>>> print(open('entry15.csv').read())   # CSV, C-alpha atoms
chain,number,residue,atom,x,y,z
A,17,MET,CA,38.9,-9.1,-302.5
A,18,ARG,CA,39.8,-12.7,-301.8
A,19,ALA,CA,37.6,-14.6,-299.3
A,20,TRP,CA,36.8,-18.2,-298.5
A,21,THR,CA,33.2,-19.2,-298.9
A,22,LEU,CA,31.2,-22.3,-298.4
A,23,THR,CA,29.4,-23.4,-301.6
A,24,SER,CA,27.9,-26.6,-303.0
A,25,ALA,CA,31.4,-27.6,-303.9
A,26,GLY,CA,32.7,-27.2,-300.4
A,27,LEU,CA,35.1,-24.5,-299.1
A,28,THR,CA,36.1,-22.3,-302.1
A,29,LEU,CA,38.6,-19.5,-302.3
A,30,SER,CA,36.8,-16.7,-304.2
A,31,PRO,CA,39.3,-14.3,-305.9
A,32,SER,CA,36.8,-11.5,-306.4
A,33,HIS,CA,34.4,-11.6,-303.4
A,34,PRO,CA,32.4,-8.3,-302.9
A,35,LEU,CA,33.9,-5.8,-300.5
A,36,PRO,CA,31.9,-5.4,-297.2
A,37,GLY,CA,28.9,-3.1,-298.1
A,38,GLY,CA,30.0,-2.9,-301.7
A,39,ALA,CA,32.8,-0.9,-303.4
A,40,GLY,CA,33.0,2.7,-302.1
A,41,ALA,CA,30.7,2.0,-299.1
A,42,THR,CA,30.8,4.5,-296.2
A,43,ILE,CA,31.7,3.1,-292.8
A,44,THR,CA,28.9,4.0,-290.4
A,45,GLY,CA,28.5,4.3,-286.6
A,46,ASN,CA,31.2,2.9,-284.4
A,47,ASN,CA,32.4,0.4,-287.0
A,48,LEU,CA,35.9,-0.1,-288.4
A,49,LEU,CA,36.9,-1.4,-291.8
A,50,LEU,CA,39.9,-3.7,-291.4
A,51,LYS,CA,42.4,-5.1,-293.8
A,52,ILE,CA,42.9,-8.6,-292.3
A,53,THR,CA,46.4,-9.9,-292.0
A,54,HIS,CA,45.7,-13.1,-290.0
A,55,ALA,CA,42.8,-15.2,-288.9
A,56,SER,CA,42.9,-18.2,-286.5
A,57,LEU,CA,40.6,-21.2,-286.4
A,58,ASN,CA,38.5,-22.5,-283.6
A,59,PRO,CA,36.5,-25.8,-283.1
A,60,VAL,CA,33.3,-23.7,-283.2
A,61,ASP,CA,34.1,-22.9,-286.9
A,62,LEU,CA,33.8,-26.6,-287.7
A,63,HIS,CA,30.5,-26.9,-285.8
A,64,ILE,CA,29.0,-24.0,-287.7
A,65,LEU,CA,30.1,-25.3,-291.0
A,66,ARG,CA,28.6,-28.7,-290.3
A,67,LEU,CA,25.3,-27.5,-288.7
A,68,PHE,CA,24.4,-24.6,-291.0
A,69,PRO,CA,24.4,-25.3,-294.7
A,70,HIS,CA,25.5,-22.8,-297.3
A,71,TRP,CA,22.1,-22.6,-299.0
A,72,LEU,CA,20.2,-21.2,-296.0
A,73,PRO,CA,18.7,-17.8,-297.1
A,74,PHE,CA,20.6,-15.9,-294.5
A,75,ARG,CA,23.9,-17.7,-295.2
A,76,ARG,CA,24.2,-17.7,-298.9
A,77,ASN,CA,27.8,-18.8,-299.6
A,78,PRO,CA,29.0,-17.7,-296.2
A,79,THR,CA,32.5,-16.8,-295.2
A,80,PRO,CA,33.6,-18.6,-292.0
A,81,GLY,CA,35.9,-17.5,-289.2
A,82,PHE,CA,35.7,-15.6,-285.9
A,83,ASP,CA,39.3,-14.5,-285.0
A,84,PHE,CA,41.1,-11.7,-286.8
A,85,CYS,CA,44.1,-9.4,-286.7
A,86,GLY,CA,44.4,-6.5,-289.1
A,87,ARG,CA,45.0,-2.8,-289.8
A,88,VAL,CA,42.3,-0.1,-289.6
A,89,VAL,CA,41.6,1.2,-293.1
A,90,ALA,CA,38.6,3.4,-292.2
A,91,ALA,CA,36.6,4.3,-289.2
A,92,GLY,CA,32.9,5.3,-288.7
A,93,PRO,CA,32.0,8.7,-287.2
A,94,GLY,CA,31.0,7.1,-283.9
A,95,VAL,CA,34.5,5.7,-283.3
A,96,ASP,CA,36.5,7.5,-280.6
A,97,ALA,CA,39.6,8.8,-282.3
A,98,ASN,CA,41.5,8.6,-279.0
A,99,GLU,CA,40.9,4.8,-279.1
A,100,PHE,CA,41.3,3.9,-282.8
A,101,THR,CA,42.6,5.7,-285.8
A,102,VAL,CA,43.5,4.6,-289.4
A,103,GLY,CA,46.7,2.6,-289.4
A,104,ASP,CA,46.2,1.0,-285.9
A,105,VAL,CA,46.7,-2.8,-285.8
A,106,VAL,CA,43.9,-4.4,-283.9
A,107,ALA,CA,42.7,-7.9,-283.0
A,108,GLY,CA,39.6,-9.6,-281.7
A,109,ALA,CA,36.7,-11.9,-282.5
A,110,LEU,CA,33.6,-11.4,-284.5
A,111,GLY,CA,30.2,-11.8,-282.9
A,112,ALA,CA,28.2,-15.0,-283.5
A,113,GLY,CA,25.6,-13.1,-285.4
A,114,ASP,CA,28.1,-11.9,-288.0
A,115,VAL,CA,29.5,-15.4,-288.5
A,116,PHE,CA,26.0,-17.1,-288.6
A,117,TRP,CA,25.1,-14.6,-291.3
A,118,GLY,CA,28.3,-15.6,-293.2
A,119,LYS,CA,30.4,-12.4,-292.6
A,120,GLY,CA,33.4,-14.2,-291.2
A,121,SER,CA,37.0,-13.3,-290.8
A,122,LEU,CA,38.6,-15.4,-293.6
A,123,ALA,CA,38.5,-12.5,-296.0
A,124,GLU,CA,40.9,-9.7,-296.9
A,125,TYR,CA,38.5,-7.0,-295.6
A,126,VAL,CA,36.0,-7.1,-292.7
A,127,VAL,CA,33.7,-4.5,-291.1
A,128,VAL,CA,33.6,-4.9,-287.3
A,129,SER,CA,32.3,-2.9,-284.3
A,130,SER,CA,35.0,-1.1,-282.5
A,131,SER,CA,33.7,-2.6,-279.2
A,132,LEU,CA,34.9,-6.0,-280.4
A,133,VAL,CA,38.6,-5.1,-280.8
A,134,ALA,CA,41.7,-4.1,-278.9
A,135,LYS,CA,44.9,-2.6,-280.1
A,136,LYS,CA,47.6,-5.1,-280.6
A,137,PRO,CA,50.3,-4.4,-278.0
A,138,GLU,CA,53.7,-3.7,-279.5
A,139,THR,CA,55.7,-5.8,-277.1
A,140,TRP,CA,55.2,-8.5,-274.4
A,141,GLY,CA,55.2,-6.6,-271.1
A,142,ARG,CA,55.5,-2.9,-270.8
A,143,VAL,CA,59.2,-2.2,-271.4
A,144,GLY,CA,61.7,-3.8,-273.7
A,145,GLY,CA,59.9,-7.0,-274.4
A,146,LYS,CA,59.9,-9.0,-277.6
A,147,GLU,CA,57.5,-7.8,-280.4
A,148,VAL,CA,54.0,-9.2,-280.4
A,149,SER,CA,53.4,-10.6,-283.9
A,150,GLY,CA,50.1,-10.7,-285.7
A,151,GLU,CA,50.3,-14.5,-285.7
A,152,GLU,CA,50.5,-14.5,-281.9
A,153,ALA,CA,47.9,-11.8,-281.4
A,154,VAL,CA,45.2,-13.3,-283.5
A,155,GLY,CA,44.7,-16.3,-281.2
A,156,LEU,CA,45.2,-14.4,-278.0
A,157,PHE,CA,42.6,-11.7,-278.7
A,158,GLY,CA,40.3,-14.1,-280.5
A,159,ILE,CA,37.9,-16.8,-279.1
A,160,ALA,CA,40.7,-18.7,-277.3
A,161,GLY,CA,42.1,-15.8,-275.3
A,162,GLN,CA,38.8,-14.3,-274.5
A,163,THR,CA,37.4,-17.6,-273.4
A,164,ALA,CA,40.4,-18.0,-271.0
A,165,VAL,CA,39.7,-14.6,-269.6
A,166,LEU,CA,36.0,-15.5,-269.2
A,167,MET,CA,37.0,-18.7,-267.2
A,168,ILE,CA,39.1,-16.6,-264.9
A,169,GLN,CA,36.3,-14.1,-264.4
A,170,THR,CA,33.8,-16.8,-263.7
A,171,ALA,CA,36.0,-18.0,-260.8
A,172,SER,CA,34.8,-14.7,-259.1
A,173,ILE,CA,38.0,-14.0,-257.1
A,174,THR,CA,40.3,-10.9,-257.2
A,175,ASP,CA,43.8,-10.8,-258.7
A,176,THR,CA,45.4,-10.9,-255.3
A,177,GLU,CA,43.4,-13.9,-254.2
A,178,TRP,CA,44.8,-16.2,-256.8
A,179,LYS,CA,48.2,-16.5,-255.1
A,180,GLY,CA,48.6,-20.1,-253.9
A,181,LYS,CA,45.3,-21.4,-255.2
A,182,LYS,CA,45.5,-24.9,-256.5
A,183,CYS,CA,44.2,-25.2,-260.0
A,184,LEU,CA,43.9,-27.9,-262.7
A,185,VAL,CA,43.6,-27.1,-266.4
A,186,ASN,CA,42.3,-30.1,-268.4
A,187,GLY,CA,43.6,-29.7,-271.9
A,188,ALA,CA,46.4,-27.4,-271.0
A,189,SER,CA,48.3,-27.7,-274.3
A,190,GLY,CA,45.4,-26.5,-276.5
A,191,GLY,CA,44.5,-23.1,-277.7
A,192,VAL,CA,42.4,-22.0,-274.6
A,193,GLY,CA,44.3,-24.2,-272.1
A,194,SER,CA,47.8,-22.8,-272.9
A,195,ILE,CA,46.6,-19.2,-272.5
A,196,LEU,CA,44.6,-20.1,-269.3
A,197,THR,CA,47.7,-21.8,-267.8
A,198,GLN,CA,49.8,-18.7,-268.3
A,199,ILE,CA,47.2,-16.4,-266.8
A,200,LEU,CA,46.8,-18.6,-263.7
A,201,ALA,CA,50.6,-19.0,-263.2
A,202,GLY,CA,51.1,-15.2,-263.8
A,203,LYS,CA,48.6,-14.4,-261.1
A,204,GLY,CA,50.4,-16.7,-258.6
A,205,ALA,CA,48.3,-19.8,-258.6
A,206,GLU,CA,49.7,-23.3,-258.4
A,207,VAL,CA,48.8,-24.9,-261.8
A,208,TRP,CA,48.7,-28.4,-263.0
A,209,GLY,CA,47.9,-29.1,-266.7
A,210,THR,CA,46.8,-32.3,-268.4
A,211,THR,CA,48.3,-33.3,-271.8
A,212,GLY,CA,49.1,-36.5,-273.6
A,213,SER,CA,52.3,-36.0,-275.5
A,214,ASN,CA,55.9,-35.1,-275.0
A,215,GLU,CA,55.4,-31.9,-277.1
A,216,GLY,CA,52.4,-31.1,-274.9
A,217,GLU,CA,54.4,-31.6,-271.8
A,218,GLU,CA,57.0,-29.1,-273.0
A,219,LEU,CA,54.3,-26.5,-273.8
A,220,VAL,CA,52.6,-26.9,-270.4
A,221,THR,CA,55.9,-26.4,-268.7
A,222,ARG,CA,56.7,-23.3,-270.8
A,223,CYS,CA,53.3,-21.8,-269.8
A,224,GLY,CA,54.1,-22.2,-266.1
A,225,GLY,CA,52.2,-25.4,-265.2
A,226,GLU,CA,53.1,-28.8,-263.7
A,227,VAL,CA,52.5,-31.6,-266.1
A,228,VAL,CA,49.9,-34.4,-265.6
A,229,ASN,CA,50.2,-36.8,-268.6
A,230,TYR,CA,46.9,-38.6,-268.9
A,231,LYS,CA,48.4,-41.4,-271.0
A,232,THR,CA,51.1,-42.1,-268.4
A,233,HIS,CA,48.6,-41.9,-265.6
A,234,ASN,CA,45.6,-43.8,-266.9
A,235,PRO,CA,42.9,-43.4,-265.7
A,236,VAL,CA,43.9,-39.9,-264.9
A,237,THR,CA,41.0,-39.4,-262.4
A,238,GLU,CA,42.5,-42.0,-260.1
A,239,TYR,CA,45.9,-40.3,-260.3
A,240,LEU,CA,44.3,-37.0,-259.5
A,241,GLY,CA,42.7,-38.6,-256.4
A,242,GLN,CA,46.1,-39.8,-255.3
A,243,LEU,CA,47.9,-36.5,-256.1
A,244,PHE,CA,45.3,-34.2,-254.4
A,245,GLY,CA,43.5,-36.6,-252.0
A,246,GLU,CA,44.8,-34.7,-248.9
A,247,GLU,CA,45.2,-31.2,-250.2
A,248,LYS,CA,42.4,-30.8,-252.8
A,249,LEU,CA,42.1,-28.4,-255.7
A,250,GLU,CA,40.2,-25.2,-255.5
A,251,PHE,CA,39.4,-25.0,-259.2
A,252,VAL,CA,39.2,-27.4,-262.2
A,253,PHE,CA,39.1,-25.7,-265.6
A,254,ASP,CA,37.9,-28.2,-268.2
A,255,CYS,CA,39.1,-27.1,-271.7
A,256,ALA,CA,38.9,-30.6,-273.2
A,257,GLY,CA,35.5,-31.9,-272.1
A,258,SER,CA,35.5,-34.8,-269.6
A,259,GLN,CA,32.3,-35.9,-267.9
A,260,GLU,CA,34.3,-38.4,-265.9
A,261,MET,CA,36.6,-35.7,-264.6
A,262,PHE,CA,33.6,-33.9,-263.1
A,263,THR,CA,31.8,-37.0,-261.9
A,264,LYS,CA,35.0,-38.1,-260.0
A,265,SER,CA,35.9,-34.6,-258.9
A,266,PRO,CA,34.9,-35.0,-255.2
A,267,GLY,CA,38.1,-37.1,-254.9
A,268,TYR,CA,40.3,-34.1,-255.8
A,269,LEU,CA,38.2,-30.9,-255.7
A,270,LYS,CA,37.3,-29.2,-252.5
A,271,ALA,CA,33.6,-29.2,-251.4
A,272,GLU,CA,33.5,-25.5,-252.0
A,273,GLY,CA,35.6,-25.7,-255.2
A,274,LYS,CA,34.4,-24.9,-258.7
A,275,PHE,CA,34.5,-27.0,-261.9
A,276,ILE,CA,34.4,-24.7,-264.9
A,277,SER,CA,33.9,-26.1,-268.3
A,278,ILE,CA,33.7,-24.7,-271.9
A,279,VAL,CA,32.9,-27.9,-273.7
A,280,GLY,CA,29.2,-28.5,-274.5
A,281,GLY,CA,29.7,-31.7,-276.5
A,282,ALA,CA,27.3,-33.0,-279.2
A,283,SER,CA,24.2,-31.6,-277.5
A,284,GLN,CA,25.7,-28.1,-277.6
A,285,GLY,CA,25.7,-28.0,-273.8
A,286,VAL,CA,22.2,-29.2,-273.0
A,287,VAL,CA,23.1,-32.6,-271.7
A,288,PRO,CA,26.0,-31.6,-269.5
A,289,TYR,CA,24.1,-28.6,-268.1
A,290,ILE,CA,21.1,-30.7,-267.1
A,291,ARG,CA,23.3,-33.6,-265.8
A,292,ASN,CA,25.9,-31.5,-263.9
A,293,LYS,CA,24.1,-28.2,-263.0
A,294,LEU,CA,20.5,-29.1,-262.5
A,295,ARG,CA,20.4,-32.7,-261.3
A,296,PRO,CA,20.3,-32.8,-257.5
A,297,VAL,CA,22.7,-35.0,-255.5
A,298,TRP,CA,19.8,-37.2,-254.3
A,299,LEU,CA,19.2,-38.2,-257.9
A,300,GLY,CA,22.8,-39.0,-258.6
A,301,GLY,CA,24.2,-35.5,-259.2
A,302,THR,CA,27.8,-34.7,-258.3
A,303,PRO,CA,28.1,-32.6,-255.1
A,304,ARG,CA,30.4,-29.9,-256.7
A,305,GLU,CA,29.6,-26.5,-258.3
A,306,PHE,CA,29.5,-26.8,-262.1
A,307,GLU,CA,29.7,-23.9,-264.6
A,308,LEU,CA,29.3,-24.3,-268.3
A,309,LEU,CA,30.4,-21.2,-270.3
A,310,LEU,CA,29.6,-19.8,-273.6
A,311,LEU,CA,31.7,-16.8,-274.7
A,312,ILE,CA,30.0,-13.8,-276.3
A,313,PRO,CA,33.0,-11.8,-277.6
A,314,GLY,CA,33.0,-8.2,-276.3
A,315,LYS,CA,34.9,-5.2,-275.0
A,316,LYS,CA,35.2,-6.5,-271.4
A,317,THR,CA,37.1,-9.7,-272.4
A,318,VAL,CA,39.1,-8.5,-275.4
A,319,ARG,CA,40.5,-5.4,-273.5
A,320,GLU,CA,41.3,-7.6,-270.5
A,321,VAL,CA,43.5,-9.8,-272.8
A,322,GLY,CA,45.4,-6.7,-273.8
A,323,ARG,CA,45.9,-5.6,-270.2
A,324,LEU,CA,47.3,-9.1,-269.3
A,325,VAL,CA,49.7,-9.0,-272.2
A,326,GLU,CA,50.9,-5.5,-271.3
A,327,GLU,CA,51.4,-6.4,-267.6
A,328,GLY,CA,53.4,-9.5,-268.5
A,329,VAL,CA,50.8,-12.0,-267.1
A,330,ILE,CA,50.5,-13.5,-270.5
A,331,GLU,CA,54.0,-13.9,-271.8
A,332,ARG,CA,53.6,-15.7,-275.2
A,333,GLY,CA,51.1,-16.5,-277.9
A,334,VAL,CA,51.2,-20.2,-278.6
A,335,VAL,CA,51.0,-20.9,-282.3
A,336,ASP,CA,50.7,-24.5,-283.6
A,337,GLY,CA,51.5,-23.4,-287.2
A,338,VAL,CA,50.8,-20.8,-289.9
A,339,TRP,CA,49.1,-21.7,-293.1
A,340,GLU,CA,48.8,-19.5,-296.2
A,341,MET,CA,45.4,-18.3,-297.3
A,342,GLU,CA,45.3,-20.9,-300.1
A,343,GLU,CA,45.9,-23.7,-297.5
A,344,LEU,CA,42.8,-23.2,-295.4
A,345,VAL,CA,41.5,-26.7,-295.9
A,346,LYS,CA,44.8,-28.1,-294.6
A,347,ALA,CA,44.6,-25.8,-291.7
A,348,TYR,CA,41.1,-27.0,-290.8
A,349,GLU,CA,42.3,-30.6,-291.1
A,350,ARG,CA,45.0,-29.8,-288.6
A,351,LEU,CA,42.4,-28.3,-286.3
A,352,GLY,CA,40.1,-31.3,-286.7
A,353,SER,CA,42.9,-33.8,-286.0
A,354,GLY,CA,42.9,-32.8,-282.3
A,355,ARG,CA,46.7,-32.7,-282.3
A,356,ALA,CA,47.2,-29.0,-282.6
A,357,LYS,CA,49.3,-27.5,-279.7
A,358,GLY,CA,48.2,-23.9,-279.6
A,359,LYS,CA,46.5,-21.9,-282.3
A,360,VAL,CA,46.1,-22.8,-286.0
A,361,VAL,CA,46.7,-19.5,-287.8
A,362,VAL,CA,46.0,-18.5,-291.4
A,363,ARG,CA,47.9,-15.7,-293.1
A,364,VAL,CA,45.3,-13.8,-295.0
A,365,SER,CA,47.4,-11.0,-296.4
A,366,GLU,CA,50.6,-9.1,-295.8
>>> encode(input="entry15.csv", output="structure tokens")
Amino acid sequence: MRAWTLTSAGLTLSPSHPLPGGAGATITGNNLLLKITHASLNPVDLHILRLFPHWLPFRRNPTPGFDFCGRVVAAGPGVDANEFTVGDVVAGALGAGDVFWGKGSLAEYVVVSSSLVAKKPETWGRVGGKEVSGEEAVGLFGIAGQTAVLMIQTASITDTEWKGKKCLVNGASGGVGSILTQILAGKGAEVWGTTGSNEGEELVTRCGGEVVNYKTHNPVTEYLGQLFGEEKLEFVFDCAGSQEMFTKSPGYLKAEGKFISIVGGASQGVVPYIRNKLRPVWLGGTPREFELLLLIPGKKTVREVGRLVEEGVIERGVVDGVWEMEELVKAYERLGSGRAKGKVVVRVSE
């Protein structure tokens, strides 16, 4: 099979990479063998490629990638046939352990636990909607969509309690932010989203948010203080990583509000956690609740994405562009540029 691997020469497309488990291997337990049609890229892919070299004993010439969409080719004996059968199209994200060991999704075939996948809905909404493509599904059910769901779950309020809640999404035109904005708007919240381009403004609006252009309103924290000085926000969801936005948040976030972030920065979360979560107010800490999240892909989040698509809460998958398998390096360059609006997708096979 074809698969991308990291070697001493850099990222290399191998035309004859071994099949998972070897040719003719039996699929065991609750695992599924998938023929991958699409993969999508995430910033964490770049972090892993930089931090963990290819020559480590447990990562010999690793295959990168978390997100996948593909068709079930074989199922282990522990898989519930009422959930998944051969021919089903499913999507999800691999666990960190698989990717650290080099068994990523940028390959034509992948073995994955059935607990990490959900069936791809046929249409947006329950009846008569437009078809959900693999290109759209791979980002929604992957790291981005599951992270958006985790942020919603961390807010710790019920579906009916979202109506009228004032929320800000920082980085609303990115992969996670565009999905999160849709979920919040679909649940009835009042949503504002930050972006810095005309293209981003159009995307935020399509996803149901009010635009806050941080280039037009610079510094944006001062503008937020003016906009929400009297009627403050209940939640700030930080998908871009801004220490200043948290430090200045008492000017626009209610005292009982929550600031929920997914960006750990260069310290992989250690510095912001200590500074914003552990440091008391009398030592200069900010008097607002701070949560820093790390997604562990799993059944609870991936199946919730499916439910939100079927119920029409999520109405679209936002795709920045689709690259062919041979164009992976260009796709990573697009991701690393910081200019992607939505998900960067790779077409692995037909």
>>> atom_distance(input="entry15.csv", atom1="atom CA of Ser277 of chain A", atom2="atom CA of Cys255 of chain A")
6.3 Å
>>> closest_atom_pairs(input="entry15.csv", of="segment 283-335 of chain A", to="segment 161-185 of chain A", cutoff="8 Å", atoms="all atoms listed in the file", output="Markdown table")
| residue | atom | partner | partner_atom | distance |
| --- | --- | --- | --- | --- |
| A:Leu309 | CA | A:Met167 | CA | 7.7 |
| A:Leu311 | CA | A:Thr163 | CA | 5.9 |
| A:Pro313 | CA | A:Gln162 | CA | 7.0 |
| A:Thr317 | CA | A:Gln162 | CA | 5.3 |
| A:Val318 | CA | A:Gln162 | CA | 5.9 |
| A:Glu320 | CA | A:Val165 | CA | 7.2 |
| A:Val321 | CA | A:Gly161 | CA | 6.6 |
>>> closest_residue(input="entry15.csv", among="A:Val329, A:Gly267, A:Glu343, A:His63", to="Gly280 of chain A", atoms="all atoms listed in the file")
A:His63
>>> closest_residue(input="entry15.csv", among="A:Glu215, A:Glu138, A:Glu340, A:Glu226", to="Val364 of chain A", atoms="only C-alpha atoms")
A:Glu340
>>> atom_distance(input="entry15.csv", atom1="atom CA of Gly328 of chain A", atom2="atom CA of Ser129 of chain A")
27.2 Å
>>> residues_around(input="entry15.csv", residues="Gly358 of chain A", least_positions_apart="5", cutoff="7 Å", atoms="all atoms listed in the file", output="ChimeraX atom specification")
/A:189-191,194,334-336
>>> residues_around(input="entry15.csv", residues="Asp254 of chain A", least_positions_apart="2", cutoff="6 Å", atoms="all atoms listed in the file", output="ChimeraX atom specification")
/A:186,256-257,276-277
>>> residues_near_point(input="entry15.csv", point="(52.5, -4.9, -277.7)", cutoff="7 Å", atoms="all atoms listed in the file", output="PDB file with C-alpha atoms, in the coordinates of the input")
ATOM      1  CA  LYS A 136      47.600  -5.100-280.600  1.00  0.00           C
ATOM      2  CA  PRO A 137      50.300  -4.400-278.000  1.00  0.00           C
ATOM      3  CA  GLU A 138      53.700  -3.700-279.500  1.00  0.00           C
ATOM      4  CA  THR A 139      55.700  -5.800-277.100  1.00  0.00           C
ATOM      5  CA  TRP A 140      55.200  -8.500-274.400  1.00  0.00           C
ATOM      6  CA  GLU A 147      57.500  -7.800-280.400  1.00  0.00           C
ATOM      7  CA  VAL A 148      54.000  -9.200-280.400  1.00  0.00           C
ATOM      8  CA  GLU A 326      50.900  -5.500-271.300  1.00  0.00           C
TER       9      GLU A 326
END
>>> closest_residue(input="entry15.csv", among="A:Lys316, A:Lys135, A:Lys119, A:Lys346", to="Leu27 of chain A", atoms="only C-alpha atoms")
A:Lys346
>>> atom_distance(input="entry15.csv", atom1="atom CA of Gly145 of chain A", atom2="atom CA of Gln198 of chain A")
16.6 Å
>>> residues_around(input="entry15.csv", residues="Arg76 of chain A", least_positions_apart="6", cutoff="12 Å", atoms="all atoms listed in the file", output="PyMOL selection string")
chain A and resi 21-24+68-70+115-119
